[in-house]
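One structure below.
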Amino acid sequence: MKNKDVIIEIRCPWREGVLLEIMDALSNLKLDSHSVQSTTMDGVISLTIKSMIKGSSSSTAAKIKKAIQKITLTC
């Protein structure tokens, strides 16, 4: 995180719907994603998401990490 800009890099086992769940979680944290790059190889999804914090959101790196880990631990 730098100011309101957030870059998230994720690697986790691929499963149906995981990208949608991650994007929903980021939206719930008031992050506006403006760039998403994803690749899947050998059953692993790699994501790079560039986002910006909307308004006066209280999203912190720890909150973002916790929300993503909650999803990726079920992969």
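Going through the structure tokens in order, the chains are called A, B, and so on, while each chain numbers its residues from 1 and the ligands are numbered from 1 in the order shown.
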
Residue neighbourhood Ser46 (chain A), 6 Å, only C-alpha atoms, exclusion window fewer than 6 positions, as an NGL selection string: :A and (10-11 or 38-39)

Restricted to C-alpha atoms, what would the selected residues look like written as a CSV table (one decimal), in the first residue's frame?
chain,number,residue,atom,x,y,z
A,10,ILE,CA,-1.8,-13.6,-5.0
A,11,ARG,CA,-0.9,-17.2,-5.8
A,38,SER,CA,-4.5,-13.4,-14.0
A,39,THR,CA,-2.9,-16.5,-15.2

- request: Find the spatial neighbours of Lys4 (chain A), counting only C-alpha atoms, within a cut-off of 8 Å - ignore same-chain residues fewer than 6 positions away - and output them as a PyMOL selection string.
  value: chain A and resi 52-54

query: Which residues, written as an MDAnalysis selection string, have at least one atom at most 12 Å from Leu20 (chain A), with only C-alpha atoms counted and residues fewer than 4 positions away on the same chain left out?
result: chainID A and resid 14:16 24:27 36 38 47 68 71:72

Go ahead and dump the residues you just picked, all heavy atoms, as a compact mmCIF listing (two decimals), in the first residue's frame.
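Ended up saving to result_31.txt:
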# COMPACT_ATOMS: atom_id res chain seq x y z
N TRP A 14 -6.15 -23.00 -7.96
CA TRP A 14 -7.33 -22.56 -8.68
C TRP A 14 -8.53 -23.40 -8.30
O TRP A 14 -8.43 -24.61 -8.10
CB TRP A 14 -7.10 -22.67 -10.19
CG TRP A 14 -8.28 -22.18 -10.97
CD1 TRP A 14 -8.49 -20.90 -11.38
CD2 TRP A 14 -9.41 -22.93 -11.40
NE1 TRP A 14 -9.69 -20.81 -12.04
CE2 TRP A 14 -10.29 -22.05 -12.07
CE3 TRP A 14 -9.79 -24.26 -11.27
CZ2 TRP A 14 -11.49 -22.46 -12.62
CZ3 TRP A 14 -10.99 -24.67 -11.81
CH2 TRP A 14 -11.83 -23.76 -12.48
N ARG A 15 -9.65 -22.72 -8.20
CA ARG A 15 -10.95 -23.41 -8.08
C ARG A 15 -11.99 -22.49 -8.68
O ARG A 15 -11.80 -21.27 -8.77
CB ARG A 15 -11.29 -23.78 -6.64
CG ARG A 15 -11.54 -22.62 -5.73
CD ARG A 15 -12.05 -23.09 -4.37
NE ARG A 15 -12.01 -22.05 -3.39
CZ ARG A 15 -12.87 -21.04 -3.32
NH1 ARG A 15 -13.83 -20.92 -4.18
NH2 ARG A 15 -12.75 -20.12 -2.37
N GLU A 16 -13.09 -23.07 -9.10
CA GLU A 16 -14.16 -22.31 -9.73
C GLU A 16 -14.64 -21.18 -8.82
O GLU A 16 -14.93 -21.40 -7.64
CB GLU A 16 -15.33 -23.26 -10.04
CG GLU A 16 -16.42 -22.65 -10.88
CD GLU A 16 -16.02 -22.43 -12.32
OE1 GLU A 16 -15.24 -23.24 -12.85
OE2 GLU A 16 -16.49 -21.44 -12.90
N ASP A 24 -15.01 -9.61 -4.96
CA ASP A 24 -16.09 -9.21 -4.05
C ASP A 24 -15.54 -8.75 -2.71
O ASP A 24 -16.00 -7.76 -2.14
CB ASP A 24 -17.08 -10.36 -3.84
CG ASP A 24 -18.05 -10.54 -4.98
OD1 ASP A 24 -18.17 -9.63 -5.83
OD2 ASP A 24 -18.70 -11.60 -5.04
N ALA A 25 -14.56 -9.49 -2.19
CA ALA A 25 -13.96 -9.13 -0.90
C ALA A 25 -13.29 -7.76 -0.98
O ALA A 25 -13.43 -6.94 -0.07
CB ALA A 25 -12.95 -10.19 -0.47
N LEU A 26 -12.59 -7.50 -2.08
CA LEU A 26 -11.93 -6.20 -2.24
C LEU A 26 -12.96 -5.08 -2.35
O LEU A 26 -12.78 -4.00 -1.79
CB LEU A 26 -11.01 -6.22 -3.46
CG LEU A 26 -9.84 -7.21 -3.39
CD1 LEU A 26 -9.01 -7.14 -4.66
CD2 LEU A 26 -8.99 -6.97 -2.16
N SER A 27 -14.04 -5.33 -3.06
CA SER A 27 -15.11 -4.34 -3.18
C SER A 27 -15.73 -4.05 -1.81
O SER A 27 -16.01 -2.89 -1.49
CB SER A 27 -16.17 -4.85 -4.15
OG SER A 27 -17.21 -3.92 -4.27
N VAL A 36 -6.55 -5.88 -13.38
CA VAL A 36 -6.47 -7.25 -12.89
C VAL A 36 -5.77 -8.10 -13.94
O VAL A 36 -6.21 -8.14 -15.08
CB VAL A 36 -7.87 -7.85 -12.60
CG1 VAL A 36 -7.74 -9.29 -12.11
CG2 VAL A 36 -8.63 -7.01 -11.60
N SER A 38 -4.42 -12.02 -14.55
CA SER A 38 -4.47 -13.36 -13.97
C SER A 38 -3.96 -14.38 -14.97
O SER A 38 -4.15 -14.23 -16.17
CB SER A 38 -5.90 -13.71 -13.54
OG SER A 38 -6.73 -13.83 -14.67
N LEU A 47 -2.45 -13.88 -9.50
CA LEU A 47 -3.17 -12.63 -9.71
C LEU A 47 -2.33 -11.44 -9.31
O LEU A 47 -1.60 -11.50 -8.31
CB LEU A 47 -4.44 -12.58 -8.85
CG LEU A 47 -5.50 -13.62 -9.05
CD1 LEU A 47 -6.52 -13.56 -7.93
CD2 LEU A 47 -6.18 -13.40 -10.39
N ILE A 68 -8.37 -11.74 2.08
CA ILE A 68 -7.91 -12.60 0.99
C ILE A 68 -7.53 -13.98 1.51
O ILE A 68 -7.85 -15.00 0.90
CB ILE A 68 -6.75 -11.94 0.23
CG1 ILE A 68 -7.27 -10.70 -0.51
CG2 ILE A 68 -6.09 -12.92 -0.73
CD1 ILE A 68 -6.20 -9.85 -1.12
N ILE A 71 -10.36 -16.38 1.93
CA ILE A 71 -10.80 -17.00 0.67
C ILE A 71 -9.81 -18.05 0.18
O ILE A 71 -10.18 -19.16 -0.18
CB ILE A 71 -11.01 -15.92 -0.40
CG1 ILE A 71 -12.14 -14.98 0.00
CG2 ILE A 71 -11.29 -16.56 -1.76
CD1 ILE A 71 -12.18 -13.69 -0.77
N THR A 72 -8.54 -17.67 0.17
CA THR A 72 -7.53 -18.58 -0.42
C THR A 72 -7.26 -19.81 0.43
O THR A 72 -6.81 -20.83 -0.10
CB THR A 72 -6.21 -17.83 -0.70
OG1 THR A 72 -5.70 -17.28 0.51
CG2 THR A 72 -6.42 -16.74 -1.73

message: as a ChimeraX atom specification, please: the residues near Lys50 (chain A) (cut-off 8 Å, only C-alpha atoms, same-chain neighbours under 6 positions excluded).
response: /A:5-8,33-36

- prompt: Looking only at the backbone, which of the residues in chain A does DSSP tag as strand (DSSP E or B), as an MDAnalysis selection string?
  reply: chainID A and resid 2 5:13 31:41 44:53

Can I get the selection written as a PDB file, in the first residue's frame, with N, CA and C atoms?
ATOM      1  N   LYS A   2       0.486   2.192  -0.811  1.00  0.00           N
ATOM      2  CA  LYS A   2       1.152   3.486  -0.819  1.00  0.00           C
ATOM      3  C   LYS A   2       0.071   4.536  -0.996  1.00  0.00           C
ATOM      4  N   ASP A   5      -3.129   3.918  -3.109  1.00  0.00           N
ATOM      5  CA  ASP A   5      -2.877   2.888  -4.122  1.00  0.00           C
ATOM      6  C   ASP A   5      -2.506   1.570  -3.459  1.00  0.00           C
ATOM      7  N   VAL A   6      -3.079   0.492  -3.973  1.00  0.00           N
ATOM      8  CA  VAL A   6      -2.854  -0.836  -3.406  1.00  0.00           C
ATOM      9  C   VAL A   6      -2.514  -1.797  -4.544  1.00  0.00           C
ATOM     10  N   ILE A   7      -1.432  -2.537  -4.390  1.00  0.00           N
ATOM     11  CA  ILE A   7      -1.090  -3.597  -5.341  1.00  0.00           C
ATOM     12  C   ILE A   7      -1.116  -4.909  -4.578  1.00  0.00           C
ATOM     13  N   ILE A   8      -1.901  -5.852  -5.085  1.00  0.00           N
ATOM     14  CA  ILE A   8      -2.079  -7.144  -4.423  1.00  0.00           C
ATOM     15  C   ILE A   8      -1.585  -8.234  -5.360  1.00  0.00           C
ATOM     16  N   GLU A   9      -0.718  -9.087  -4.861  1.00  0.00           N
ATOM     17  CA  GLU A   9      -0.239 -10.231  -5.618  1.00  0.00           C
ATOM     18  C   GLU A   9      -0.610 -11.500  -4.868  1.00  0.00           C
ATOM     19  N   ILE A  10      -1.233 -12.426  -5.591  1.00  0.00           N
ATOM     20  CA  ILE A  10      -1.757 -13.645  -4.969  1.00  0.00           C
ATOM     21  C   ILE A  10      -1.397 -14.846  -5.832  1.00  0.00           C
ATOM     22  N   ARG A  11      -1.046 -15.939  -5.179  1.00  0.00           N
ATOM     23  CA  ARG A  11      -0.913 -17.246  -5.827  1.00  0.00           C
ATOM     24  C   ARG A  11      -1.605 -18.253  -4.929  1.00  0.00           C
ATOM     25  N   CYS A  12      -2.546 -18.975  -5.506  1.00  0.00           N
ATOM     26  CA  CYS A  12      -3.238 -19.998  -4.732  1.00  0.00           C
ATOM     27  C   CYS A  12      -3.772 -21.060  -5.685  1.00  0.00           C
ATOM     28  N   PRO A  13      -4.123 -22.212  -5.159  1.00  0.00           N
ATOM     29  CA  PRO A  13      -4.710 -23.242  -6.023  1.00  0.00           C
ATOM     30  C   PRO A  13      -5.989 -22.715  -6.674  1.00  0.00           C
ATOM     31  N   LEU A  31     -12.332  -1.066  -1.987  1.00  0.00           N
ATOM     32  CA  LEU A  31     -11.230  -0.941  -2.926  1.00  0.00           C
ATOM     33  C   LEU A  31     -11.799  -0.943  -4.338  1.00  0.00           C
ATOM     34  N   ASP A  32     -11.343   0.005  -5.146  1.00  0.00           N
ATOM     35  CA  ASP A  32     -11.763   0.115  -6.537  1.00  0.00           C
ATOM     36  C   ASP A  32     -10.650  -0.470  -7.408  1.00  0.00           C
ATOM     37  N   SER A  33     -10.867  -1.664  -7.925  1.00  0.00           N
ATOM     38  CA  SER A  33      -9.845  -2.344  -8.729  1.00  0.00           C
ATOM     39  C   SER A  33      -9.880  -1.809 -10.153  1.00  0.00           C
ATOM     40  N   HIS A  34      -8.732  -1.341 -10.629  1.00  0.00           N
ATOM     41  CA  HIS A  34      -8.682  -0.792 -11.974  1.00  0.00           C
ATOM     42  C   HIS A  34      -7.798  -1.599 -12.912  1.00  0.00           C
ATOM     43  N   SER A  35      -7.103  -2.608 -12.408  1.00  0.00           N
ATOM     44  CA  SER A  35      -6.306  -3.479 -13.262  1.00  0.00           C
ATOM     45  C   SER A  35      -6.217  -4.853 -12.609  1.00  0.00           C
ATOM     46  N   VAL A  36      -6.552  -5.880 -13.379  1.00  0.00           N
ATOM     47  CA  VAL A  36      -6.466  -7.253 -12.885  1.00  0.00           C
ATOM     48  C   VAL A  36      -5.769  -8.097 -13.943  1.00  0.00           C
ATOM     49  N   GLN A  37      -4.678  -8.725 -13.554  1.00  0.00           N
ATOM     50  CA  GLN A  37      -3.987  -9.651 -14.446  1.00  0.00           C
ATOM     51  C   GLN A  37      -4.015 -11.016 -13.782  1.00  0.00           C
ATOM     52  N   SER A  38      -4.423 -12.018 -14.546  1.00  0.00           N
ATOM     53  CA  SER A  38      -4.471 -13.358 -13.967  1.00  0.00           C
ATOM     54  C   SER A  38      -3.960 -14.377 -14.969  1.00  0.00           C
ATOM     55  N   THR A  39      -3.305 -15.391 -14.438  1.00  0.00           N
ATOM     56  CA  THR A  39      -2.880 -16.534 -15.237  1.00  0.00           C
ATOM     57  C   THR A  39      -3.127 -17.783 -14.409  1.00  0.00           C
ATOM     58  N   THR A  40      -3.406 -18.852 -15.107  1.00  0.00           N
ATOM     59  CA  THR A  40      -3.582 -20.139 -14.446  1.00  0.00           C
ATOM     60  C   THR A  40      -2.670 -21.136 -15.130  1.00  0.00           C
ATOM     61  N   MET A  41      -1.861 -21.814 -14.318  1.00  0.00           N
ATOM     62  CA  MET A  41      -0.967 -22.823 -14.863  1.00  0.00           C
ATOM     63  C   MET A  41      -0.799 -23.936 -13.837  1.00  0.00           C
ATOM     64  N   VAL A  44      -2.729 -23.606 -10.553  1.00  0.00           N
ATOM     65  CA  VAL A  44      -2.434 -22.487  -9.653  1.00  0.00           C
ATOM     66  C   VAL A  44      -2.810 -21.192 -10.360  1.00  0.00           C
ATOM     67  N   ILE A  45      -3.570 -20.349  -9.683  1.00  0.00           N
ATOM     68  CA  ILE A  45      -3.917 -19.046 -10.240  1.00  0.00           C
ATOM     69  C   ILE A  45      -2.974 -17.995  -9.651  1.00  0.00           C
ATOM     70  N   SER A  46      -2.444 -17.160 -10.510  1.00  0.00           N
ATOM     71  CA  SER A  46      -1.592 -16.047 -10.092  1.00  0.00           C
ATOM     72  C   SER A  46      -2.297 -14.760 -10.464  1.00  0.00           C
ATOM     73  N   LEU A  47      -2.452 -13.885  -9.504  1.00  0.00           N
ATOM     74  CA  LEU A  47      -3.175 -12.631  -9.712  1.00  0.00           C
ATOM     75  C   LEU A  47      -2.325 -11.439  -9.305  1.00  0.00           C
ATOM     76  N   THR A  48      -2.434 -10.385 -10.085  1.00  0.00           N
ATOM     77  CA  THR A  48      -1.915  -9.082  -9.696  1.00  0.00           C
ATOM     78  C   THR A  48      -3.063  -8.105  -9.871  1.00  0.00           C
ATOM     79  N   ILE A  49      -3.452  -7.484  -8.778  1.00  0.00           N
ATOM     80  CA  ILE A  49      -4.599  -6.579  -8.782  1.00  0.00           C
ATOM     81  C   ILE A  49      -4.124  -5.206  -8.320  1.00  0.00           C
ATOM     82  N   LYS A  50      -4.389  -4.202  -9.153  1.00  0.00           N
ATOM     83  CA  LYS A  50      -4.071  -2.829  -8.787  1.00  0.00           C
ATOM     84  C   LYS A  50      -5.382  -2.144  -8.439  1.00  0.00           C
ATOM     85  N   SER A  51      -5.420  -1.577  -7.236  1.00  0.00           N
ATOM     86  CA  SER A  51      -6.644  -0.968  -6.726  1.00  0.00           C
ATOM     87  C   SER A  51      -6.348   0.377  -6.093  1.00  0.00           C
ATOM     88  N   MET A  52      -7.429   1.077  -5.804  1.00  0.00           N
ATOM     89  CA  MET A  52      -7.333   2.340  -5.097  1.00  0.00           C
ATOM     90  C   MET A  52      -8.399   2.335  -4.001  1.00  0.00           C
ATOM     91  N   ILE A  53      -8.029   2.835  -2.839  1.00  0.00           N
ATOM     92  CA  ILE A  53      -8.972   2.909  -1.725  1.00  0.00           C
ATOM     93  C   ILE A  53      -9.962   4.036  -2.010  1.00  0.00           C
TER      94      ILE A  53
END

- request: Go through region 1-53 of chain A and collect every residue that DSSP, computed from the backbone, puts in alpha helix (DSSP H); the answer should be as number ranges by chain.
  value: A: 18-28

message: Could you tell me how far CA of Ile22 (chain A) sits from CA of Lys63 (chain A), in Å to one decimal place?
response: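 Between CA of Lys63 (chain A) and CA of Ile22 (chain A) the gap is 13.2 Å.
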
field: Distance in Å - CA of Leu29 (chain A) versus CA of Ser57 (chain A)
entry: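 Atom-to-atom, CA of Leu29 (chain A) and CA of Ser57 (chain A) are spaced 7.5 Å apart.
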
task: Between CA of Gly55 (chain A) and CA of Gly17 (chain A), measure the distance and give it in Å to one decimal.
output: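 These two atoms are separated by 28.0 Å.
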